[in-house]
Structures are given as structure tokens and as C-alpha cells.
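Enquirer: The structure that follows is given in the form of C-alpha cells.
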Amino acid sequence: MSDTRPEMKPYVAAIHAYVPGRSAGKDGKPLVKLSANENPLGTSPAALAAREAAPAPHRYPDPDSTSLRATIGKVHGLDPALVVCGTGSDELLNLAAQGFAGPGDEVLFSRYSFAVYDIAARRCGATPVEVPDKDYAADVDALLAAVSERTRVAFLANPNNPTGTYLPAAEVARLHAGLPANVLFVLDQAYAEYLPDGEDDGGLALAAANENVLVTRTFSKIHGLAGERIGWATGAPHLVDALNRIRGPFNVTLAGQAAAEAALGDADFVRASRDHNAKERARFVAAVEALGNHGLRAVPSEANFVMVLFEGAVSAEAALAAIADAGYAVRHLPGQGLGHALRITVGTAEQMDAIAAALRALCESAQ
Ligand code: PMP
């Protein structure tokens, strides 16, 4: 091997590439995907129509997503100048780490949280610091105890992926209050729209009132636009300024900008998606709880998925195989220390019934 080939940076070589959930069975047969927390109701018809009507793609999109940011500002009561759009919120999470952390710095996050935080830290040469959880939820005391002089960024997903757990506003405020003012607190609200009416973790208010809070949101979940890759972030002017300096200049497509703007205007679709999720999630959790004597347990979820723990004779691997035999792909995350769990996206009523039936049959056959 030549010794003159380009050398991968050691901190890049240390990254485990993000592995998306599989969507084919052992025989290559396609499975119905309940592994990526997508919207089982699809996409708002208004967003689909706007996407179709978007200008022809030989033109670049508006580099500043001006109209979309204005609409986000209107809907959420934010100054559009303090909103930045990204190629999914993934891009913005990465930019937040890149803008505020580098070699020698530390990036904090809880165990069992979103896999991109570790990658975001490493790819800018910073050191990821994974903090122990408390029964699958972020532990504010443990996070604060892990802060060092080198901490530059702290990520919190709320609700959290892959566990679905949620920290109420008082806990989020306590975490923020305990962080040094020079630590950027990134509050990832990818699943915020699934919270019950009136429930709010206070993130947007914190971002408006402090210089070290960035909130990120996505159009991939409740708005059913995962394939278009659109997210947004808001925070103090110097935070937004940093992200704007390092983001891709045309980072949201023409069709994506149009679709996202229309999606925000379709409150009926958002409500239907939230109601469907609450109903089917509760039904599925009850079905899992009925298998509690077989060691199955559902982690309390405020998101559009449920993490099921397998703490008895039935293993997560066996459940993954049984669910695949029934025709469904769900998420197994052994690489994240979750070999004993499956994360199952809330699908249609029929899909959730089929998965519950597969789990029931597996438990009965294991007796
Ligand atoms: N944050 C969390 C917690 C997520 O679960 C996801 C999607 N899996 C994202 C951010 C990224 O979503 P997107 O890039 O599609 O906006």
C-alpha cells in the first residue's frame, strides 16, 4: 500500500458511521418500515401539492429559505432573523458542534440518546462525553456532574430518541441553569409536536432569553417530510450567525422549502398525526404491558415510537426476527448498548396489531 495516499484524520477514523435501520428480511423480501420514526399517515396533501408546484429545478433554491423562515417565525412567534434552516436537523446538530467545539473540547450528552451527537462531536475533533442515564432518561444531575472546563456543547433530545423519554420544563431549566454560560446547550426538539396539548419543555423561551441555547426542530417527523431533509434551529443572534457561516449555501431544496411552508399551514394534518400517534401508542403500550409477565416492558414515551425492553426469557433478537417474519422492520440498537431493546415506530392500527400479535405469539411459544 502506498504511503502517500491521503490520511484519514484519526478522529474521523474513530467514527462509527450512522447505520440506518434495515428494511429487508433475511430473504431480501422488503419489510414494512417501522424503524425510522416516520409518519404513518404520510405527508400533508397541501405539502405534496406545494412540492409539485415548486419552481423547476434548474434554478438554485433561495439560499436563505426566506419565505419558509418567515412562516416558521409566524407559527412559532419567532423573529425570522433568528431562524436558520438546514438539510434536516442533522445538519444543524453537526453545525452546532462544529461551530462551538473543536479538538481538546468536550461535547456532553446522555447515554441512550441520538446517535448523531457522538458523530457530531467526533467529526470536529472534539471528545464525546457520554453520561449515564436514569432508567433510560437523561439524568440532569449526572449531566451537570460531567461538566468540565473543557465542555463546550451539551446536547439534549427532548423527547429523546431512541428511548422516547421526556424531561419536563423544570428539569430542562435546571439543566440549563447548571451549565456554565460558555457551554452551548442544544435542545433537540425533533419530536416536540407529539407532546400532549399544552405540554412544552420551555426550550423556545429559553432560546429567546439566553445567549447559549439553540433549539432544533425537524419537518421529518410529524410533518411527514423526512425524504425532503428540512430542519430548523433558533437561538441568539451569534448562534444563528455561526450556523449561517458554516452551513451549505443552498442547503434546503426548492421543493423542500415549498413543501415545508405548506406543511406548517396544515394544522389539520398535524393534529390528525398527533391524535393518531397518541391513540395507537397507548394501545401498543397496553399490549406490551400485558406481556409483562414475560419480561417485556415499554419505556414511557412522549414520541412517535416506543422502546420495548426484553428483560425475561424472550430476547430482543428473537422478537426482532418474529417481527420481521410478520413483515415489519423495527430498530435494534446493540451498538448503543441496547441489545436488550427494540425501538418500534408507531404505525397504523393494523401494523401495531400485527406487531403486538407477533410479540404475543413469541411469548406464548417461549413458555
Ligand atoms: N434529532 C433526533 C432526536 C432524531 O431522532 C432525528 C431523526 N432520527 C433527528 C434529530 C434528525 O432528523 P432530521 O435530520 O431528519 O431532521
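In the C-alpha cells, chains take letters A, B, ... by order of appearance, with residues numbered from 1 within each chain and ligands from 1 in the order shown.
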Residues within 8 Å of ligand 1 (only C-alpha atoms and all ligand atoms), as a ChimeraX atom specification?
Expert: /A:36-37,87-91,93,113-114,116,157-162,188-191,216-221,226-227,229-231
Enquirer: So which one's closest to Ala97 (chain A), A:Leu143, A:Leu239, A:Leu225, A:Ala24? Using only C-alpha atoms, please.
Expert: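 Nearest to Ala97 (chain A): A:Leu239.
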Enquirer: Just to confirm, what's the straight-line distance from CA of Gly327 (chain A) to CA of Thr43 (chain A) in Å (one decimal)?
Expert: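 Computing it gives 22.8 Å between the two atoms.
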Enquirer: Near Gln351 (chain A), counting only C-alpha atoms, which residues have an atom at most 12 Å away, once you skip same-chain residues fewer than 2 positions from it, shown as an MDAnalysis selection string?
Expert: chainID A and resid 31:34 40 280:281 283:284 323 326:330 344:349 353:358
Enquirer: Please tabulate, as a tab-separated table, the residues of region 237-327 of chain A that come within 9 Å of region 57-65 of chain A, each with its closest pair of atoms and the distance in Å to one decimal, counting only C-alpha atoms and ordering rows by chain, then residue number upward.
Expert:
```
residue	atom	partner	partner_atom	distance
A:Asn244	CA	A:Asp64	CA	8.9
A:Gly248	CA	A:Pro63	CA	8.6
A:Pro249	CA	A:Pro63	CA	5.6
A:Phe250	CA	A:Pro63	CA	4.5
A:Asn251	CA	A:Pro63	CA	7.0
A:Val252	CA	A:Ser65	CA	7.1
A:Thr253	CA	A:Pro61	CA	5.7
A:Leu254	CA	A:Pro61	CA	4.7
A:Ala255	CA	A:Pro57	CA	8.4
A:Gln257	CA	A:Ser65	CA	6.5
```
Enquirer: Would you mind listing what lies within 9 Å of Gly104 (chain A) as a ChimeraX atom specification, with only C-alpha atoms counted and same-chain residues fewer than 4 positions away left out?
Expert: /A:125-127,150
